[in-house]
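Note: the block below is data17.csv and it holds CSV, C-alpha atoms and all ligand atoms.
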chain,number,residue,atom,x,y,z
Q,353,MET,CA,-35.4,-1.6,-52.8
Q,354,ILE,CA,-37.4,-0.6,-49.8
Q,355,LYS,CA,-35.9,-3.6,-47.9
Q,356,VAL,CA,-32.4,-2.6,-48.8
Q,357,LEU,CA,-33.0,1.0,-47.7
Q,358,ARG,CA,-34.5,-0.3,-44.5
Q,359,ASN,CA,-31.5,-2.5,-43.9
Q,360,ILE,CA,-29.1,0.5,-44.6
Q,361,SER,CA,-31.0,2.8,-42.2
Q,362,LEU,CA,-31.0,0.0,-39.6
Q,363,LEU,CA,-27.2,-0.3,-40.0
Q,364,ILE,CA,-26.7,3.5,-39.7
Q,365,PHE,CA,-28.9,3.4,-36.6
Q,366,PHE,CA,-26.8,0.7,-35.0
Q,367,MET,CA,-23.6,2.5,-36.0
Q,368,MET,CA,-24.8,5.7,-34.4
Q,369,LEU,CA,-25.8,3.8,-31.3
Q,370,MET,CA,-22.3,2.3,-31.0
Q,371,ALA,CA,-20.7,5.7,-31.5
Q,372,PHE,CA,-22.7,7.2,-28.6
Q,373,GLN,CA,-22.0,4.4,-26.2
Q,374,PRO,CA,-20.8,6.1,-23.0
Q,375,LEU,CA,-17.3,5.1,-22.1
Q,376,ASN,CA,-17.2,2.8,-19.1
Q,377,LEU,CA,-15.0,4.9,-16.8
Q,378,SER,CA,-15.9,3.2,-13.6
Q,379,LYS,CA,-14.3,-0.1,-14.6
Q,380,ASN,CA,-10.8,-0.4,-13.1
Q,381,TYR,CA,-10.6,3.3,-12.7
Q,382,VAL,CA,-8.1,4.3,-10.0
Q,383,LYS,CA,-9.7,7.3,-8.3
Q,384,THR,CA,-8.7,7.1,-4.7
Q,385,ILE,CA,-5.5,6.1,-2.9
Q,386,VAL,CA,-5.1,5.7,0.8
Q,387,ILE,CA,-1.7,6.4,2.2
Q,388,ASP,CA,-1.0,5.0,5.6
Q,389,PRO,CA,2.0,6.2,7.6
Q,390,GLY,CA,2.6,3.4,10.2
Q,391,HIS,CA,2.5,3.9,13.9
Q,392,GLY,CA,2.0,7.4,15.5
Q,393,GLY,CA,1.1,8.9,18.9
Q,394,GLN,CA,2.1,6.6,21.8
Q,395,ASP,CA,3.5,4.1,19.3
Q,396,PRO,CA,6.8,5.3,18.0
Q,397,GLY,CA,7.5,2.2,15.8
Q,398,CYS,CA,11.2,1.5,15.4
Q,399,VAL,CA,13.5,3.7,17.5
Q,400,PHE,CA,17.1,4.7,17.2
Q,401,GLY,CA,18.1,7.2,19.9
Q,402,THR,CA,15.8,10.1,19.4
Q,403,THR,CA,14.9,9.0,15.8
Q,404,TYR,CA,11.4,7.5,15.5
Q,405,GLU,CA,9.9,5.5,12.7
Q,406,LYS,CA,6.6,7.3,13.2
Q,407,ASP,CA,8.1,10.6,12.2
Q,408,ILE,CA,10.1,9.4,9.2
Q,409,VAL,CA,7.1,7.5,7.7
Q,410,LEU,CA,4.8,10.5,8.2
Q,411,ASP,CA,7.2,12.7,6.2
Q,412,ILE,CA,7.5,10.2,3.4
Q,413,ALA,CA,3.7,9.7,3.3
Q,414,LEU,CA,3.0,13.4,3.1
Q,415,GLU,CA,5.6,13.9,0.4
Q,416,LEU,CA,4.0,11.0,-1.6
Q,417,GLY,CA,0.6,12.5,-1.2
Q,418,ARG,CA,1.9,15.9,-2.4
Q,419,ILE,CA,3.5,14.4,-5.5
Q,420,ILE,CA,0.4,12.5,-6.4
Q,421,LYS,CA,-1.9,15.6,-6.0
Q,422,GLU,CA,0.5,17.6,-8.1
Q,423,ASN,CA,0.9,15.0,-10.9
Q,424,LEU,CA,-2.4,13.1,-10.9
Q,425,PRO,CA,-5.0,15.8,-9.9
Q,426,ASP,CA,-7.8,13.4,-10.7
Q,427,VAL,CA,-6.7,11.0,-7.9
Q,428,LYS,CA,-8.1,11.7,-4.4
Q,429,VAL,CA,-5.5,11.3,-1.7
Q,430,VAL,CA,-6.6,10.2,1.7
Q,431,TYR,CA,-4.3,9.7,4.7
Q,432,THR,CA,-5.0,7.4,7.6
Q,433,ARG,CA,-3.1,10.0,9.7
Q,434,ASP,CA,-1.5,13.3,8.7
Q,435,LYS,CA,-0.2,14.1,12.1
Q,436,ASP,CA,1.3,12.4,15.1
Q,437,THR,CA,-1.7,10.5,16.3
Q,438,PHE,CA,-2.4,6.8,17.3
Q,439,ILE,CA,-4.7,4.8,15.0
Q,440,GLY,CA,-5.5,1.1,15.4
Q,441,LEU,CA,-4.6,-1.3,12.6
Q,442,LEU,CA,-8.2,-2.2,11.8
Q,443,GLU,CA,-9.2,1.5,11.7
Q,444,ARG,CA,-6.6,2.1,9.0
Q,445,ALA,CA,-8.2,-0.6,6.8
Q,446,GLU,CA,-11.7,0.8,7.6
Q,447,ILE,CA,-10.6,4.3,6.4
Q,448,ALA,CA,-9.5,2.7,3.1
Q,449,ASN,CA,-12.7,0.7,2.7
Q,450,LYS,CA,-15.0,3.6,3.7
Q,451,ASN,CA,-13.3,5.8,1.0
Q,452,ASN,CA,-13.7,3.0,-1.6
Q,453,ALA,CA,-9.9,3.3,-2.2
Q,454,ASN,CA,-8.4,1.6,-5.2
Q,455,ALA,CA,-5.0,1.2,-3.6
Q,456,PHE,CA,-3.7,1.1,0.0
Q,457,ILE,CA,0.0,1.9,0.7
Q,458,SER,CA,1.3,1.5,4.2
Q,459,ILE,CA,4.7,3.0,4.8
Q,460,HIS,CA,7.1,1.7,7.5
Q,461,VAL,CA,10.8,1.7,8.5
Q,462,ASN,CA,12.7,-1.5,9.5
Q,463,ALA,CA,15.2,-2.2,12.3
Q,464,ASN,CA,17.5,-5.0,13.1
Q,465,ALA,CA,20.0,-5.9,15.9
Q,466,ASN,CA,22.5,-6.6,13.1
Q,467,THR,CA,23.3,-3.0,12.2
Q,468,SER,CA,24.7,-4.0,8.8
Q,469,ALA,CA,21.3,-5.1,7.6
Q,470,LEU,CA,19.9,-2.7,5.0
Q,471,GLY,CA,17.5,-2.5,2.1
Q,472,THR,CA,13.8,-2.1,1.2
Q,473,GLU,CA,11.0,-4.7,1.2
Q,474,THR,CA,7.5,-4.5,0.0
Q,475,TRP,CA,5.0,-6.8,1.6
Q,476,VAL,CA,1.6,-8.2,0.5
Q,477,MET,CA,-0.8,-10.2,2.6
Q,478,GLY,CA,0.0,-14.0,2.6
Q,479,LEU,CA,1.7,-16.9,4.2
Q,480,HIS,CA,5.3,-16.2,5.4
Q,481,LYS,CA,8.0,-18.4,3.9
Q,482,THR,CA,10.7,-17.9,6.6
Q,483,GLU,CA,10.9,-17.4,10.3
Q,484,ALA,CA,12.4,-13.9,9.8
Q,485,ASN,CA,9.3,-12.9,7.7
Q,486,LEU,CA,7.0,-14.2,10.4
Q,487,LYS,CA,8.9,-12.2,13.1
Q,488,LEU,CA,8.6,-8.9,11.2
Q,489,ALA,CA,4.9,-9.3,10.8
Q,490,MET,CA,4.6,-10.2,14.5
Q,491,LYS,CA,6.6,-7.1,15.4
Q,492,GLU,CA,4.4,-4.8,13.2
Q,493,ASN,CA,1.2,-6.5,14.5
Q,494,SER,CA,2.2,-6.3,18.2
Q,495,VAL,CA,1.0,-2.7,18.2
Q,496,ILE,CA,-2.6,-4.0,18.8
Q,497,PHE,CA,-1.6,-4.5,22.4
Q,498,LEU,CA,-1.8,-0.7,22.7
Q,499,GLU,CA,-5.4,-0.8,21.4
Q,500,GLU,CA,-8.4,-1.1,23.7
Q,501,ASN,CA,-10.4,-4.3,23.4
Q,502,TYR,CA,-8.0,-5.8,21.0
Q,503,ILE,CA,-9.1,-9.4,21.7
Q,504,GLU,CA,-12.6,-8.6,20.7
Q,505,LYS,CA,-11.7,-6.4,17.8
Q,506,TYR,CA,-9.3,-8.9,16.2
Q,507,ASP,CA,-11.6,-12.0,16.8
Q,508,GLY,CA,-9.4,-13.3,19.6
Q,509,PHE,CA,-6.3,-13.2,17.4
Q,510,ASP,CA,-3.1,-13.7,19.5
Q,511,PRO,CA,-0.3,-11.8,17.8
Q,512,ASN,CA,2.3,-13.9,19.7
Q,513,SER,CA,1.0,-17.3,18.4
Q,514,PRO,CA,2.7,-18.6,15.2
Q,515,GLU,CA,-0.2,-21.0,14.7
Q,516,ALA,CA,-2.7,-18.2,14.8
Q,517,PHE,CA,-0.6,-16.5,12.1
Q,518,ILE,CA,-0.7,-19.4,9.8
Q,519,ILE,CA,-4.5,-19.7,9.9
Q,520,PHE,CA,-4.9,-15.9,9.5
Q,521,SER,CA,-2.3,-15.7,6.7
Q,522,LEU,CA,-4.2,-18.3,4.6
Q,523,TYR,CA,-7.0,-15.8,4.4
Q,524,GLN,CA,-7.8,-15.5,0.7
Q,525,ASP,CA,-6.9,-12.1,-0.7
Q,526,ALA,CA,-9.0,-11.3,-3.8
Q,527,PHE,CA,-6.5,-8.6,-4.7
Q,528,LEU,CA,-3.3,-10.6,-4.3
Q,529,ASP,CA,-2.4,-10.4,-8.0
Q,530,GLN,CA,-2.8,-6.7,-8.2
Q,531,SER,CA,-1.1,-6.2,-4.9
Q,532,LEU,CA,1.9,-8.2,-6.2
Q,533,ILE,CA,2.0,-6.1,-9.4
Q,534,LEU,CA,2.1,-2.8,-7.4
Q,535,ALA,CA,4.7,-4.3,-5.0
Q,536,GLU,CA,7.0,-5.4,-7.8
Q,537,LYS,CA,6.8,-1.9,-9.4
Q,538,ILE,CA,7.7,-0.3,-6.1
Q,539,GLU,CA,10.8,-2.5,-5.5
Q,540,ASN,CA,11.9,-2.0,-9.1
Q,541,GLU,CA,11.7,1.7,-8.7
Q,542,PHE,CA,13.7,1.6,-5.5
Q,543,VAL,CA,16.5,-0.4,-7.2
Q,544,ASN,CA,16.6,1.2,-10.6
Q,545,LYS,CA,16.0,4.9,-9.7
Q,546,VAL,CA,16.9,5.3,-6.1
Q,547,GLN,CA,19.9,2.9,-5.9
Q,548,ARG,CA,18.4,1.0,-2.9
Q,549,LYS,CA,19.2,-2.6,-2.1
Q,550,SER,CA,15.9,-4.5,-2.6
Q,551,ARG,CA,15.3,-7.4,-0.2
Q,552,GLY,CA,12.4,-8.3,-2.5
Q,553,VAL,CA,8.6,-8.6,-2.6
Q,554,LYS,CA,7.5,-10.7,0.4
Q,555,GLN,CA,4.4,-12.1,1.9
Q,556,ALA,CA,3.3,-12.4,5.6
Q,557,GLY,CA,0.2,-11.9,7.7
Q,558,PHE,CA,0.1,-8.2,8.4
Q,559,LEU,CA,-3.1,-7.2,10.3
Q,560,VAL,CA,-3.1,-3.8,8.6
Q,561,LEU,CA,-3.5,-5.5,5.2
Q,562,TRP,CA,-6.0,-8.1,6.4
Q,563,LYS,CA,-9.3,-6.3,6.0
Q,564,THR,CA,-8.6,-3.9,3.1
Q,565,SER,CA,-10.7,-4.6,0.1
Q,566,MET,CA,-8.3,-3.2,-2.6
Q,567,PRO,CA,-4.8,-3.8,-3.8
Q,568,SER,CA,-2.7,-3.3,-0.6
Q,569,VAL,CA,1.0,-3.2,0.1
Q,570,LEU,CA,3.2,-2.4,3.1
Q,571,ILE,CA,6.6,-0.9,2.4
Q,572,GLU,CA,9.7,-1.1,4.6
Q,573,THR,CA,11.6,1.9,3.2
Q,574,GLY,CA,14.9,1.1,5.0
Q,575,PHE,CA,16.6,0.3,8.3
Q,576,ILE,CA,16.8,2.8,11.1
Q,577,SER,CA,19.5,0.6,12.7
Q,578,ASN,CA,21.9,1.0,9.7
Q,579,ASP,CA,23.9,4.3,9.9
Q,580,GLU,CA,24.0,5.0,6.2
Q,581,GLU,CA,20.4,4.1,5.6
Q,582,ARG,CA,19.2,6.0,8.6
Q,583,LYS,CA,20.9,9.1,7.2
Q,584,PHE,CA,19.2,8.6,3.9
Q,585,ILE,CA,15.6,7.9,5.2
Q,586,THR,CA,15.8,10.9,7.6
Q,587,SER,CA,17.1,13.3,5.0
Q,588,LYS,CA,14.7,15.5,2.9
Q,589,THR,CA,16.4,14.3,-0.3
Q,590,GLY,CA,16.1,10.7,0.7
Q,591,GLN,CA,12.5,11.1,1.6
Q,592,VAL,CA,11.7,12.9,-1.7
Q,593,TYR,CA,13.5,10.1,-3.7
Q,594,LEU,CA,11.6,7.4,-1.9
Q,595,ALA,CA,8.2,9.1,-2.3
Q,596,SER,CA,8.9,9.8,-6.0
Q,597,ALA,CA,9.7,6.2,-6.5
Q,598,ILE,CA,6.5,5.1,-4.9
Q,599,PHE,CA,4.6,7.7,-6.9
Q,600,ARG,CA,6.0,6.4,-10.2
Q,601,ALA,CA,5.2,2.8,-9.3
Q,602,PHE,CA,1.6,3.9,-8.4
Q,603,ARG,CA,1.3,5.9,-11.6
Q,604,ASP,CA,2.3,3.0,-13.7
Q,605,PHE,CA,0.1,0.6,-11.8
Q,606,LYS,CA,-2.8,2.9,-12.3
Q,607,LYS,CA,-2.1,3.1,-16.0
Q,608,GLU,CA,-1.8,-0.7,-16.3
Q,609,LEU,CA,-5.0,-1.3,-14.4
Q,610,GLU,CA,-7.0,1.3,-16.4
Q,611,SER,CA,-5.8,0.0,-19.8
Q,612,ASN,CA,-7.0,-3.5,-19.0
F,1,ZN,ZN,6.5,-0.2,11.3

Full structure transcribed into structure tokens:
Amino acid sequence: MIKVLRNISLLIFFMMLMAFQPLNLSKNYVKTIVIDPGHGGQDPGCVFGTTYEKDIVLDIALELGRIIKENLPDVKVVYTRDKDTFIGLLERAEIANKNNANAFISIHVNANANTSALGTETWVMGLHKTEANLKLAMKENSVIFLEENYIEKYDGFDPNSPEAFIIFSLYQDAFLDQSLILAEKIENEFVNKVQRKSRGVKQAGFLVLWKTSMPSVLIETGFISNDEERKFITSKTGQVYLASAIFRAFRDFKKELESN
């Protein structure tokens, strides 16, 4: 009888212990997002007349941050820049790493000599599959020429060498799967809710995504060279739609990650 009682009390003790186990909130918890408006300062990015990529992406980024703060108050929003300033590509990644961000979203605008080209693309770090994909990454990376000591900072990386790109793009990204999930969600939102033409989720060697140690994507929100799309991405309505779509993708990504 004493043995039975002892076993029962032991059982109750263990049940209580289990009931009071603290919830492991740190695991996969998405607490901080870094939003990176591309270019800035002396680097205008893509240009069409007096319309600059750096201004459009700053507006979309600030709108995205505002929506996240309003709807997900537990998430800390950090911008790599919140005004018209020049920041190196490596510094952008460093800001994300220093803040222990759980997601990094870089926002850009595209351009093409063919003015009928239009649509959105979301990029993750990896090896390019086509010459056009390589060219876009080279264009976005060429901004390092404006940075001081870029040869030293980027380990002698030559942004004009396709060979250098291949070696650098083979760099193993521990967060590739999660980056792809986030990228897919963003493109789906653009197509289904904002009626954008998706050019897909793609991979190439973007320097800004290279050193980030969290799921990271680079979004091309549309073409400044296309009349209709330029009107959309420079309008307040268009920018709010795009930012809302990115927000919903991030919110669902956060939910998915935290439920795993
Ligand atoms: Zn850009």

- What separation in Å, quoted to one decimal, exists between atom CA of Ser550 of chain Q and atom CA of Gly440 of chain Q?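 Distance between the two atoms: 28.5 Å.
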
- Between Q:Ile598, Q:Ile387, Q:Ile408, Q:Val569, single out the one closest to Val461 of chain Q, counting all atoms listed in the file.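 Once distances to Val461 of chain Q are computed over all atoms listed in the file, the minimum belongs to Q:Ile408.
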
Closest atom pairs, residues of chain Q within 8 Å of ligand ZN 1 (chain F), only C-alpha atoms and all ligand atoms, as a tab-separated table:
residue	atom	partner	partner_atom	distance
Q:Gly390	CA	F:ZN1	ZN	5.4
Q:His391	CA	F:ZN1	ZN	6.3
Q:Gly397	CA	F:ZN1	ZN	5.2
Q:Cys398	CA	F:ZN1	ZN	6.5
Q:Glu405	CA	F:ZN1	ZN	6.8
Q:Lys406	CA	F:ZN1	ZN	7.7
Q:Ile459	CA	F:ZN1	ZN	7.5
Q:His460	CA	F:ZN1	ZN	4.3
Q:Val461	CA	F:ZN1	ZN	5.5
Q:Asn462	CA	F:ZN1	ZN	6.6
Q:Glu492	CA	F:ZN1	ZN	5.4
Q:Glu572	CA	F:ZN1	ZN	7.5

- Item | Top pick for closest residue to Glu504 of chain Q, considering Q:Leu522, Q:Met490, Q:Leu442, Q:Leu410 and counting only C-alpha atoms |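 Closest to Glu504 of chain Q of all the choices is Q:Leu442.
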
- Query: Which is closest to Thr482 of chain Q among Q:Ile538, Q:Val429, Q:Ala465, Q:Ala556, if we use only C-alpha atoms?
  - Reply: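 Under the stated criterion, the closest residue is Q:Ala556.
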
- Could you state the separation of atom CA of Asn578 of chain Q and atom CA of Ser468 of chain Q in Å, given to one decimal place? 5.8 Å

- Message: Report as a PyMOL selection string all protein, DNA and RNA residues lying within 9 Å of Val382 of chain Q, evaluated on all atoms listed in the file, omitting residues in the same chain fewer than 3 positions from it.
- Response: chain Q and resi 378-379+385+427+453-455+606-607+609-610

Identify, on the basis of all atoms listed in the file, every residue whose closest approach to Ile439 of chain Q does not exceed 9 Å; exclude the query and any residue fewer than 4 positions from it along the same chain; express the result as a short mmCIF file (atom, residue, chain, number, x, y, z; two decimals) with C-alpha atoms, in the frame of the given file.
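Okay, part01.cif is ready:
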data_model
loop_
_atom_site.label_atom_id
_atom_site.label_comp_id
_atom_site.auth_asym_id
_atom_site.auth_seq_id
_atom_site.Cartn_x
_atom_site.Cartn_y
_atom_site.Cartn_z
CA GLY Q 390 2.60 3.40 10.20
CA HIS Q 391 2.50 3.90 13.90
CA GLY Q 392 2.00 7.40 15.50
CA GLY Q 393 1.10 8.90 18.90
CA THR Q 432 -5.00 7.40 7.60
CA ARG Q 433 -3.10 10.00 9.70
CA GLU Q 443 -9.20 1.50 11.70
CA ARG Q 444 -6.60 2.10 9.00
CA GLU Q 499 -5.40 -0.80 21.40
#
